[in-house]
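Structure below is upload-v1.tsv: TSV, C-alpha atoms (C1' of nucleotides).
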chain	number	residue	atom	x	y	z
C	1	MET	CA	-17.27	-13.96	15.38
C	2	GLN	CA	-18.13	-10.90	13.34
C	3	LYS	CA	-17.43	-11.28	9.64
C	4	LYS	CA	-14.93	-8.74	8.46
C	5	LEU	CA	-12.55	-8.43	5.62
C	6	VAL	CA	-9.34	-6.53	4.99
C	7	ALA	CA	-8.03	-5.90	1.50
C	8	ILE	CA	-4.57	-4.60	0.73
C	9	VAL	CA	-4.51	-3.02	-2.70
C	10	GLY	CA	-2.23	-0.90	-4.84
C	11	ALA	CA	-0.31	-0.92	-8.07
C	12	THR	CA	2.38	-3.44	-8.82
C	13	ALA	CA	5.67	-3.04	-6.96
C	14	THR	CA	4.21	-1.00	-4.12
C	15	GLY	CA	4.96	-3.67	-1.53
C	16	LYS	CA	1.57	-5.28	-0.99
C	17	SER	CA	3.01	-8.71	-0.24
C	18	ASP	CA	5.41	-7.41	2.37
C	19	LEU	CA	2.61	-5.60	4.12
C	20	ALA	CA	0.31	-8.61	3.96
C	21	LYS	CA	3.00	-10.80	5.40
C	22	ALA	CA	3.36	-8.51	8.39
C	23	MET	CA	-0.40	-8.16	8.84
C	24	ILE	CA	-1.28	-11.83	8.92
C	25	LYS	CA	1.42	-12.38	11.47
C	26	LYS	CA	0.20	-9.57	13.66
C	27	PHE	CA	-3.51	-10.35	13.41
C	28	ASN	CA	-3.35	-14.08	12.90
C	29	GLY	CA	-4.98	-13.61	9.52
C	30	VAL	CA	-5.22	-15.63	6.36
C	31	ALA	CA	-3.72	-14.15	3.23
C	32	ILE	CA	-5.69	-14.63	0.04
C	33	SER	CA	-3.98	-13.61	-3.16
C	34	VAL	CA	-6.06	-11.58	-5.61
C	35	ASP	CA	-3.80	-11.94	-8.57
C	36	SER	CA	-4.91	-13.38	-11.86
C	37	ARG	CA	-1.43	-14.62	-12.76
C	38	GLN	CA	-0.06	-15.96	-9.50
C	39	ILE	CA	-2.72	-18.64	-9.54
C	40	TYR	CA	-0.56	-20.56	-12.00
C	41	ARG	CA	2.08	-23.03	-10.92
C	42	GLY	CA	5.47	-22.43	-12.47
C	43	LEU	CA	4.91	-18.73	-13.11
C	44	ASP	CA	7.08	-17.51	-10.29
C	45	LEU	CA	9.70	-14.95	-11.22
C	46	GLY	CA	7.54	-13.32	-13.85
C	47	THR	CA	4.65	-12.85	-11.46
C	48	GLY	CA	6.79	-11.86	-8.52
C	49	LYS	CA	5.35	-14.61	-6.37
C	50	ASP	CA	6.33	-14.44	-2.71
C	51	LYS	CA	6.39	-17.92	-1.25
C	52	SER	CA	7.92	-16.89	2.05
C	53	PHE	CA	4.55	-16.88	3.79
C	54	PRO	CA	1.34	-18.85	3.34
C	55	GLN	CA	-1.03	-17.43	0.76
C	56	LYS	CA	-4.21	-18.93	-0.59
C	57	MET	CA	-5.10	-18.83	-4.28
C	58	ILE	CA	-1.53	-19.23	-5.40
C	59	ASP	CA	-0.35	-22.18	-7.48
C	60	ILE	CA	-3.78	-23.65	-7.94
C	61	LEU	CA	-3.72	-24.19	-11.71
C	62	ASP	CA	-1.31	-25.48	-14.31
C	63	ALA	CA	0.07	-23.12	-16.89
C	64	GLY	CA	-2.15	-23.11	-19.93
C	65	GLU	CA	-5.43	-23.63	-18.08
C	66	LYS	CA	-8.33	-21.26	-18.49
C	67	PHE	CA	-9.71	-19.34	-15.58
C	68	SER	CA	-12.18	-16.54	-14.97
C	69	VAL	CA	-13.53	-14.17	-12.35
C	70	VAL	CA	-16.51	-16.36	-11.67
C	71	GLU	CA	-14.37	-19.33	-10.71
C	72	PHE	CA	-12.19	-17.03	-8.67
C	73	GLN	CA	-15.22	-15.61	-6.92
C	74	LYS	CA	-16.60	-19.04	-6.09
C	75	LYS	CA	-13.35	-20.32	-4.66
C	76	VAL	CA	-12.54	-17.23	-2.69
C	77	LEU	CA	-15.99	-16.75	-1.19
C	78	ASP	CA	-15.78	-20.31	0.01
C	79	LEU	CA	-12.34	-19.70	1.44
C	80	ILE	CA	-13.53	-16.58	3.19
C	81	GLU	CA	-16.41	-18.38	4.87
C	82	LYS	CA	-14.02	-21.08	6.05
C	83	THR	CA	-11.69	-18.44	7.39
C	84	PHE	CA	-14.52	-16.80	9.30
C	85	ALA	CA	-15.50	-20.17	10.68
C	86	SER	CA	-12.02	-20.63	12.05
C	87	GLY	CA	-12.25	-17.26	13.74
C	88	LYS	CA	-9.64	-15.58	11.59
C	89	ILE	CA	-9.61	-12.48	9.44
C	90	PRO	CA	-9.13	-12.89	5.70
C	91	PHE	CA	-6.62	-10.48	4.19
C	92	LEU	CA	-7.06	-10.08	0.47
C	93	VAL	CA	-3.84	-9.03	-1.22
C	94	GLY	CA	-3.35	-8.20	-4.83
C	95	GLY	CA	-3.57	-5.96	-7.80
C	96	THR	CA	-6.26	-7.55	-9.95
C	97	GLY	CA	-9.06	-5.04	-9.47
C	98	PHE	CA	-11.54	-6.98	-11.55
C	99	TYR	CA	-11.19	-10.00	-9.32
C	100	LEU	CA	-11.26	-7.92	-6.17
C	101	ASP	CA	-14.61	-6.43	-7.17
C	102	SER	CA	-16.12	-9.89	-7.40
C	103	ILE	CA	-15.30	-10.50	-3.76
C	104	ILE	CA	-15.80	-7.28	-1.91
C	105	PHE	CA	-18.99	-6.29	-3.73
C	106	GLU	CA	-22.12	-8.30	-4.20
C	107	ARG	CA	-21.67	-9.12	-7.82
C	108	ASN	CA	-23.50	-11.60	-9.97
C	109	TYR	CA	-22.11	-12.10	-13.41
C	110	PRO	CA	-24.39	-13.13	-16.26
C	111	ALA	CA	-24.66	-16.91	-16.16
C	112	VAL	CA	-23.21	-17.36	-19.59
C	113	ALA	CA	-20.05	-19.39	-19.71
C	114	PRO	CA	-17.49	-18.45	-22.34
C	115	ASP	CA	-18.07	-20.22	-25.64
C	116	GLU	CA	-14.74	-20.51	-27.43
C	117	ASN	CA	-16.31	-21.48	-30.72
C	118	LEU	CA	-18.67	-18.57	-30.75
C	119	ARG	CA	-15.84	-16.23	-29.75
C	120	LYS	CA	-13.64	-17.51	-32.51
C	121	CYS	CA	-16.43	-17.07	-34.99
C	122	LEU	CA	-17.27	-13.53	-33.86
C	123	SER	CA	-13.64	-12.48	-33.77
C	124	LYS	CA	-13.50	-12.88	-37.53
C	125	LEU	CA	-15.79	-9.89	-37.87
C	126	THR	CA	-14.42	-6.36	-37.86
C	127	ILE	CA	-15.04	-4.01	-34.99
C	128	LYS	CA	-17.41	-2.01	-37.14
C	129	GLU	CA	-19.46	-5.08	-37.95
C	130	LEU	CA	-19.57	-6.15	-34.33
C	131	CYS	CA	-20.65	-2.66	-33.29
C	132	GLN	CA	-23.49	-2.68	-35.78
C	133	LYS	CA	-24.56	-6.13	-34.74
C	134	LEU	CA	-24.67	-5.16	-31.08
C	135	LEU	CA	-26.31	-1.84	-31.79
C	136	GLN	CA	-29.22	-3.63	-33.42
C	137	LYS	CA	-29.77	-5.88	-30.45
C	138	ASP	CA	-28.88	-3.75	-27.48
C	139	THR	CA	-28.18	-0.05	-27.89
C	140	ASP	CA	-27.42	0.49	-24.21
C	141	SER	CA	-24.65	-2.03	-23.96
C	142	ALA	CA	-23.33	-1.00	-27.38
C	143	ARG	CA	-22.88	2.46	-25.97
C	144	ARG	CA	-21.15	1.14	-22.88
C	145	VAL	CA	-18.82	-1.20	-24.71
C	146	GLY	CA	-17.60	1.21	-27.38
C	147	LYS	CA	-14.94	-0.09	-29.76
C	148	ASN	CA	-13.53	-2.78	-27.55
C	149	LYS	CA	-13.54	-5.99	-29.56
C	150	ARG	CA	-13.37	-8.35	-26.60
C	151	ARG	CA	-16.19	-6.69	-24.84
C	152	LEU	CA	-18.24	-6.48	-28.00
C	153	ILE	CA	-17.85	-10.22	-28.39
C	154	ARG	CA	-18.78	-10.90	-24.79
C	155	ALA	CA	-21.88	-8.70	-25.03
C	156	LEU	CA	-22.97	-10.54	-28.15
C	157	GLU	CA	-22.24	-13.85	-26.46
C	158	ILE	CA	-24.56	-12.98	-23.58
C	159	ILE	CA	-27.30	-11.85	-25.93
C	160	GLU	CA	-26.91	-14.93	-28.07
C	161	LYS	CA	-27.15	-17.35	-25.16
C	162	THR	CA	-29.80	-15.68	-23.05
C	163	GLY	CA	-31.83	-14.13	-25.81
C	164	GLU	CA	-31.93	-11.03	-23.68
C	165	LYS	CA	-30.08	-7.78	-23.41
C	166	VAL	CA	-26.93	-7.48	-21.34
C	167	PRO	CA	-28.02	-6.80	-17.78
C	168	LYS	CA	-26.51	-3.84	-16.05
C	169	PHE	CA	-25.67	-3.80	-12.42
C	170	TYR	CA	-23.65	-1.02	-11.10
C	171	ALA	CA	-24.46	-1.86	-7.51
C	172	ARG	CA	-21.56	-1.26	-5.22
C	173	LYS	CA	-22.82	-2.96	-2.13
C	174	PHE	CA	-20.14	-4.38	0.10
C	175	ARG	CA	-20.57	-8.04	0.83
C	176	TYR	CA	-18.94	-7.83	4.25
C	177	PRO	CA	-17.68	-4.98	6.39
C	178	THR	CA	-14.45	-4.26	4.56
C	179	LEU	CA	-11.36	-2.25	5.27
C	180	LEU	CA	-9.60	-1.21	2.09
C	181	LEU	CA	-5.96	-0.34	2.59
C	182	GLY	CA	-4.15	1.13	-0.41
C	183	ILE	CA	-0.43	1.61	-0.77
C	184	GLU	CA	0.62	4.69	-2.67
C	185	VAL	CA	4.05	5.43	-4.07
C	186	ASN	CA	5.15	8.52	-5.95
C	187	ARG	CA	5.04	7.84	-9.70
C	188	ASP	CA	8.68	8.44	-10.49
C	189	LYS	CA	9.82	6.29	-7.61
C	190	LEU	CA	7.42	3.56	-8.57
C	191	TYR	CA	8.69	3.51	-12.14
C	192	GLN	CA	12.23	3.36	-10.86
C	193	ARG	CA	11.38	0.45	-8.59
C	194	ILE	CA	9.60	-1.34	-11.44
C	195	ASP	CA	12.68	-0.98	-13.62
C	196	GLU	CA	14.99	-2.26	-10.90
C	197	ARG	CA	12.73	-5.19	-10.30
C	198	VAL	CA	12.72	-6.16	-13.96
C	199	ASP	CA	16.52	-6.08	-14.01
C	200	GLU	CA	16.72	-8.15	-10.83
C	201	ARG	CA	14.35	-10.77	-12.13
C	202	ILE	CA	16.15	-11.03	-15.44
C	203	LYS	CA	19.29	-11.73	-13.45
C	204	LEU	CA	17.47	-14.33	-11.39
C	205	GLY	CA	16.54	-16.24	-14.51
C	206	MET	CA	13.17	-14.97	-15.64
C	207	ILE	CA	14.02	-15.68	-19.27
C	208	LYS	CA	14.96	-19.22	-18.36
C	209	GLU	CA	11.67	-19.65	-16.57
C	210	VAL	CA	9.74	-18.78	-19.71
C	211	ARG	CA	11.97	-20.88	-21.92
C	212	SER	CA	11.46	-23.95	-19.76
C	213	LEU	CA	7.70	-23.40	-19.73
C	214	ILE	CA	7.77	-23.41	-23.52
C	215	GLU	CA	9.96	-26.51	-23.52
C	216	ARG	CA	7.47	-28.24	-21.26
C	217	GLY	CA	4.84	-27.60	-23.89
C	218	VAL	CA	3.05	-24.52	-22.58
C	219	SER	CA	1.44	-22.73	-25.51
C	220	LYS	CA	3.21	-19.62	-26.70
C	221	ILE	CA	-0.10	-18.07	-27.57
C	222	TRP	CA	-1.29	-18.63	-24.04
C	223	LEU	CA	1.91	-17.15	-22.63
C	224	LYS	CA	1.62	-14.08	-24.80
C	225	GLY	CA	-1.98	-13.68	-23.74
C	226	LEU	CA	-0.81	-13.24	-20.16
C	227	GLY	CA	0.81	-9.93	-21.07
C	228	LEU	CA	3.83	-8.19	-19.57
C	229	GLU	CA	6.78	-10.46	-18.64
C	230	TYR	CA	5.44	-13.59	-20.30
C	231	ARG	CA	4.46	-11.85	-23.50
C	232	ALA	CA	7.66	-9.81	-23.73
C	233	ILE	CA	9.95	-12.75	-23.07
C	234	THR	CA	8.08	-15.16	-25.34
C	235	GLU	CA	8.30	-12.66	-28.18
C	236	PHE	CA	11.96	-12.11	-27.42
C	237	LEU	CA	12.56	-15.86	-27.60
C	238	GLU	CA	10.88	-15.84	-30.97
C	239	ALA	CA	13.63	-13.39	-31.88
C	240	LYS	CA	11.30	-10.50	-32.49
C	241	ASN	CA	13.70	-8.03	-30.88
C	242	THR	CA	16.94	-7.72	-28.98
C	243	LYS	CA	17.23	-8.37	-25.28
C	244	ARG	CA	17.80	-4.70	-24.64
C	245	GLU	CA	14.72	-3.67	-26.57
C	246	MET	CA	12.66	-6.34	-24.89
C	247	ILE	CA	13.68	-5.21	-21.43
C	248	GLN	CA	13.01	-1.54	-22.11
C	249	GLY	CA	9.66	-2.33	-23.73
C	250	LEU	CA	8.69	-4.48	-20.78
C	251	LYS	CA	9.50	-1.72	-18.34
C	252	PHE	CA	7.27	0.70	-20.25
C	253	ASP	CA	4.49	-1.88	-20.38
C	254	ILE	CA	4.62	-2.34	-16.63
C	255	HIS	CA	4.54	1.43	-16.12
C	256	ALA	CA	1.36	1.56	-18.18
C	257	PHE	CA	-0.05	-1.37	-16.29
C	258	SER	CA	0.58	0.34	-12.97
C	259	ARG	CA	-1.28	3.40	-14.30
C	260	ARG	CA	-4.25	1.24	-15.24
C	261	GLN	CA	-4.24	-0.23	-11.76
C	262	ALA	CA	-4.15	3.24	-10.25
C	263	THR	CA	-7.14	4.20	-12.37
C	264	TRP	CA	-9.02	1.15	-11.17
C	265	PHE	CA	-8.37	1.78	-7.50
C	266	ARG	CA	-9.33	5.42	-7.78
C	267	GLN	CA	-12.88	4.16	-8.22
C	268	TYR	CA	-13.04	3.26	-4.56
C	269	PRO	CA	-13.51	6.32	-2.36
C	270	GLU	CA	-13.40	3.98	0.63
C	271	ILE	CA	-9.71	3.20	0.30
C	272	GLU	CA	-7.55	4.34	3.16
C	273	TRP	CA	-4.36	5.35	1.39
C	274	LEU	CA	-1.02	4.85	3.06
C	275	GLU	CA	1.99	6.43	1.44
C	276	LEU	CA	5.29	4.66	1.09
C	277	ILE	CA	7.76	7.52	0.83
C	278	GLU	CA	10.91	5.57	0.05
C	279	TYR	CA	11.71	1.93	-0.42
C	280	THR	CA	13.68	1.80	2.80
C	281	LYS	CA	13.34	-0.55	5.72
C	282	LYS	CA	12.39	2.35	7.95
C	283	ASP	CA	9.61	3.64	5.72
C	284	LYS	CA	8.28	0.15	5.14
C	285	GLN	CA	8.19	-0.42	8.88
C	286	GLN	CA	6.32	2.85	9.33
C	287	LEU	CA	3.81	1.74	6.72
C	288	VAL	CA	3.28	-1.51	8.59
C	289	GLU	CA	2.66	0.39	11.80
C	290	LYS	CA	0.14	2.70	10.18
C	291	ALA	CA	-1.63	-0.24	8.63
C	292	GLU	CA	-1.72	-2.04	11.95
C	293	GLU	CA	-3.39	0.94	13.49
C	294	LYS	CA	-6.03	1.03	10.79
C	295	VAL	CA	-6.77	-2.65	11.09
C	296	HIS	CA	-6.87	-2.40	14.84
C	297	ASP	CA	-9.39	0.47	14.71
C	298	PHE	CA	-11.46	-1.36	12.14
C	299	VAL	CA	-11.71	-4.48	14.26
C	300	LYS	CA	-12.48	-2.49	17.38
C	301	LEU	CA	-15.14	-0.41	15.69
C	302	LEU	CA	-16.97	-3.52	14.59
C	303	LYS	CA	-16.85	-4.99	18.07
C	304	ASP	CA	-18.27	-1.78	19.53
C	305	GLU	CA	-21.11	-1.84	17.05
C	306	ILE	CA	-21.98	-5.38	17.97
C	307	SER	CA	-21.97	-4.70	21.68
C	308	LYS	CA	-24.14	-1.62	21.10
C	309	LYS	CA	-26.62	-3.75	19.23
C	310	SER	CA	-26.70	-6.39	21.91
C	311	ILE	CA	-27.39	-3.78	24.60
T	1	G	C1'	42.28	20.10	-43.47
T	2	C	C1'	39.01	18.38	-47.54
T	3	C	C1'	34.39	15.88	-49.29
T	4	G	C1'	29.65	14.04	-48.11
T	5	G	C1'	25.26	13.29	-44.63
T	6	G	C1'	22.74	15.33	-40.55
T	7	U	C1'	20.53	18.97	-36.65
T	8	U	C1'	12.30	19.12	-36.18
T	9	A	C1'	8.30	16.64	-29.45
T	10	G	C1'	11.56	13.37	-23.75
T	11	C	C1'	13.57	9.41	-27.65
T	12	U	C1'	13.77	7.53	-32.97
T	13	C	C1'	12.55	9.97	-37.15
T	14	A	C1'	8.86	11.81	-41.44
T	15	G	C1'	7.51	16.49	-43.71
T	16	U	C1'	6.09	21.52	-45.88
T	17	G	C1'	7.45	28.74	-48.92
T	18	G	C1'	1.66	30.15	-45.27
T	19	U	C1'	4.87	28.67	-37.55
T	20	A	C1'	4.21	21.08	-38.18
T	21	G	C1'	3.44	15.23	-37.94
T	22	A	C1'	4.17	9.46	-36.79
T	23	G	C1'	5.68	5.58	-33.45
T	24	C	C1'	7.31	5.01	-28.56
T	25	A	C1'	7.34	7.56	-23.90
T	26	C	C1'	4.09	10.44	-20.77
T	27	A	C1'	-1.00	11.65	-18.87
T	28	U	C1'	-6.39	10.64	-18.21
T	29	C	C1'	-10.49	7.33	-18.52
T	30	A	C1'	-13.33	2.74	-19.24
T	31	C	C1'	-13.71	-2.18	-17.51
T	32	U	C1'	-20.46	-7.11	-15.89
T	33	G	C1'	-17.34	-15.26	-16.86
T	34	A	C1'	-10.08	-13.56	-21.24
T	35	A	C1'	-8.45	-8.42	-16.79
T	36	A	C1'	-0.72	-8.47	-16.21
T	37	A	C1'	-6.13	-8.88	-20.76
T	38	U	C1'	-8.78	-5.43	-24.06
T	39	G	C1'	-9.95	-0.64	-25.47
T	40	A	C1'	-11.02	5.03	-25.69
T	41	U	C1'	-9.06	10.00	-25.16
T	42	G	C1'	-5.23	13.87	-24.58
T	43	G	C1'	-1.02	17.54	-24.36
T	44	U	C1'	3.77	18.00	-25.91
T	45	G	C1'	7.64	21.96	-29.78
T	46	U	C1'	12.46	29.15	-29.76
T	47	C	C1'	11.49	23.02	-36.49
T	48	C	C1'	20.42	24.47	-34.06
T	49	C	C1'	22.09	29.97	-34.36
T	50	C	C1'	22.83	34.58	-37.33
T	51	A	C1'	21.98	37.24	-41.73
T	52	G	C1'	19.77	37.52	-46.75
T	53	U	C1'	15.72	36.67	-50.52
T	54	U	C1'	10.36	36.94	-49.79
T	55	C	C1'	4.06	39.86	-48.28
T	56	G	C1'	5.55	35.58	-45.38
T	57	A	C1'	11.09	31.11	-44.01
T	58	U	C1'	11.13	25.45	-40.06
T	59	U	C1'	11.32	24.83	-45.53
T	60	C	C1'	15.31	28.66	-50.36
T	61	U	C1'	20.54	31.20	-50.27
T	62	G	C1'	25.08	32.55	-47.53
T	63	G	C1'	27.85	32.25	-43.00
T	64	G	C1'	28.59	29.94	-38.17
T	65	A	C1'	28.15	26.01	-34.31
T	66	C	C1'	27.71	20.99	-33.18
T	67	C	C1'	27.25	15.59	-34.52
T	68	C	C1'	28.22	11.23	-37.86
T	69	G	C1'	30.82	8.94	-41.88
T	70	G	C1'	34.81	8.85	-45.78
T	71	C	C1'	39.53	10.70	-47.47
T	72	A	C1'	43.93	12.79	-45.75
Rewrite the coordinates I just gave you, this time as structure tokens.
Amino acid sequence: MQKKLVAIVGATATGKSDLAKAMIKKFNGVAISVDSRQIYRGLDLGTGKDKSFPQKMIDILDAGEKFSVVEFQKKVLDLIEKTFASGKIPFLVGGTGFYLDSIIFERNYPAVAPDENLRKCLSKLTIKELCQKLLQKDTDSARRVGKNKRRLIRALEIIEKTGEKVPKFYARKFRYPTLLLGIEVNRDKLYQRIDERVDERIKLGMIKEVRSLIERGVSKIWLKGLGLEYRAITEFLEAKNTKREMIQGLKFDIHAFSRRQATWFRQYPEIEWLELIEYTKKDKQQLVEKAEEKVHDFVKLLKDEISKKSI
RNA sequence: GCCGGGUUAGCUCAGUGGUAGAGCACAUCACUGAAAAUGAUGGUGUCCCCAGUUCGAUUCUGGGACCCGGCA
């Protein structure tokens, strides 16, 4: 069995899950979620989790636990190998570009585990001070990192632990033959869909979900660190603003998030973009058909290559 | 009808006698163990209309329109 990978990417609310659901059915695939927030149990409405079909990498941690790309990478690479062994195709689905990179490309992250104490200590310094500190030790990475406090701290953490400069690896070598399918939706329509979805989920009890997490003892700081729904609602529950303001602010935040995702995915020239014109059953079905074609061609192409080689 | 207050960016509003700003929105970019995180960058305008004063008015004066209060 030839190793091959399909990834379904796109901004939030473009319909990745629906497409994945149809694809794994059609191709007898295994869906693997690439979503940094759906890995947590109990974060359902706020993450838009779809439990109507089997997905790996969902509900694997308790709320409040720490996680990182490296752990994600380890788990998913293992899962992928198992999937290959069973003769199936893994379908990666999700919008966390950073995590996706760790799987589709050969990436090795610096072997320096996060050190909370060191981070806490460094975060007391101002950005200016951190910049100067990094500049002294590693001008290249200082230039790359800019004024981003988190990344300044991480760079210093690596230098501190390894005693060496931050390694750079911009290699973009695919780990396996990979088909990247991207779903594209017109901006205005996407924003509209995002807004509708927020309203729907509020009605379904998204605020209650967050409240009960807090009641169960999940840290508010941790919840706010998740961003978007969990941050907005936690702050609302702390009575920082009105419900109306919270909802509008959340919608804007998700718009911005979807833009950041779009920026991320634009990095990949290999993506085969499929456009969803309208959020109608008909257009969604058409999207599924187009995607099926692409996957079909991809699988066939690989088989042809193998048979050529064996001749 | 009278008396106040207002009219400036898509929204909420600051401001100045030398044609303008903030926050949000919007747009672009970055991203090497926090990534739904964290940052960087950018454009936006008949300054309500008409006339007057002035070298020059968005700013001052007069008139008008519209909005919001209060009193009738």
### Query
Leaving out stretch 7-20 of chain T and any residue of its chain fewer than 4 positions from it, which residues lie within 7 Å of it when counting all atoms listed in the file, given as a list in words?
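Here the answer would be U44, G45, C47, C48, G56, A57 and U59 of chain T.
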#### Entry: Within 9 Å of chain C: residues of chain T, using only C-alpha atoms (C1' of nucleotides), as a ChimeraX atom specification
/T:25,28-40
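Atom CA of C:Val210 to atom CA of C:Ala63 spans 11.0 Å [interatomic distance, one decimal].
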### Task
For atom CA of C:Gly15 and atom CA of C:Pro54, quote the distance in Å rounded to one decimal.
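The value is 16.3 Å.
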Which centre and which edge lengths, in Å to one decimal, describe the axis-aligned box that holds all listed atoms of stretch 8-18 of chain T after 8 Å is added on each side, as lines of an AutoDock Vina configuration file?
center_x = 7.7
center_y = 18.8
center_z = -36.3
size_x = 28.1
size_y = 38.6
size_z = 41.2
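The space between atom CA of C:Lys74 and atom CA of C:Lys88 spans 19.3 Å.
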### Task
Give the answer as one residue: which of C:Leu156, C:Gly205, C:Lys173, C:Lys3 has the shortest atom-to-atom distance to C:Leu135, using all atoms listed in the file?
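Looking only at the distances to C:Leu135, the closest residue turns out to be C:Leu156.
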### Minimum-distance residue to C:Arg193, chosen among C:Glu160, C:Ala85, C:His255, C:Val295 (using all atoms listed in the file)
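Nearest candidate to C:Arg193 out of C:Glu160, C:Ala85, C:His255, C:Val295: C:His255.
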Because some atoms of stretch 98-104 of chain C are absent here, can you restore all heavy atoms and send them as a short mmCIF file (atom, residue, chain, number, x, y, z; two decimals), in the coordinates of the input?
data_model
loop_
_atom_site.label_atom_id
_atom_site.label_comp_id
_atom_site.auth_asym_id
_atom_site.auth_seq_id
_atom_site.Cartn_x
_atom_site.Cartn_y
_atom_site.Cartn_z
N PHE C 98 -10.35 -6.29 -11.05
CA PHE C 98 -11.54 -6.98 -11.55
C PHE C 98 -11.92 -8.15 -10.64
O PHE C 98 -13.09 -8.36 -10.34
CB PHE C 98 -11.24 -7.48 -12.97
CG PHE C 98 -12.39 -8.09 -13.69
CD1 PHE C 98 -13.65 -7.51 -13.70
CD2 PHE C 98 -12.20 -9.26 -14.42
CE1 PHE C 98 -14.70 -8.09 -14.40
CE2 PHE C 98 -13.24 -9.83 -15.13
CZ PHE C 98 -14.49 -9.25 -15.12
N TYR C 99 -10.94 -8.87 -10.21
CA TYR C 99 -11.19 -10.00 -9.32
C TYR C 99 -11.59 -9.51 -7.93
O TYR C 99 -12.44 -10.09 -7.28
CB TYR C 99 -9.93 -10.89 -9.19
CG TYR C 99 -9.65 -11.80 -10.37
CD1 TYR C 99 -10.34 -11.68 -11.57
CD2 TYR C 99 -8.69 -12.79 -10.27
CE1 TYR C 99 -10.07 -12.52 -12.64
CE2 TYR C 99 -8.41 -13.65 -11.33
CZ TYR C 99 -9.11 -13.51 -12.52
OH TYR C 99 -8.83 -14.35 -13.57
N LEU C 100 -10.95 -8.45 -7.49
CA LEU C 100 -11.26 -7.92 -6.17
C LEU C 100 -12.73 -7.51 -6.08
O LEU C 100 -13.41 -7.80 -5.10
CB LEU C 100 -10.36 -6.71 -5.90
CG LEU C 100 -10.49 -6.14 -4.48
CD1 LEU C 100 -9.82 -7.07 -3.48
CD2 LEU C 100 -9.89 -4.75 -4.39
N ASP C 101 -13.21 -6.84 -7.12
CA ASP C 101 -14.61 -6.43 -7.17
C ASP C 101 -15.57 -7.59 -6.93
O ASP C 101 -16.59 -7.45 -6.26
CB ASP C 101 -14.94 -5.84 -8.55
CG ASP C 101 -14.67 -4.36 -8.62
OD1 ASP C 101 -13.94 -3.86 -7.75
OD2 ASP C 101 -15.19 -3.69 -9.54
N SER C 102 -15.22 -8.74 -7.49
CA SER C 102 -16.12 -9.89 -7.40
C SER C 102 -16.26 -10.40 -5.97
O SER C 102 -17.21 -11.08 -5.64
CB SER C 102 -15.62 -11.02 -8.30
OG SER C 102 -14.52 -11.68 -7.71
N ILE C 103 -15.28 -10.04 -5.15
CA ILE C 103 -15.30 -10.50 -3.76
C ILE C 103 -15.88 -9.47 -2.82
O ILE C 103 -16.78 -9.77 -2.04
CB ILE C 103 -13.86 -10.85 -3.28
CG1 ILE C 103 -13.18 -11.83 -4.23
CG2 ILE C 103 -13.88 -11.38 -1.85
CD1 ILE C 103 -13.93 -13.11 -4.48
N ILE C 104 -15.37 -8.26 -2.91
CA ILE C 104 -15.80 -7.28 -1.91
C ILE C 104 -17.21 -6.75 -2.17
O ILE C 104 -17.90 -6.36 -1.25
CB ILE C 104 -14.79 -6.12 -1.77
CG1 ILE C 104 -14.65 -5.33 -3.08
CG2 ILE C 104 -13.43 -6.64 -1.30
CD1 ILE C 104 -13.78 -4.09 -2.94
#
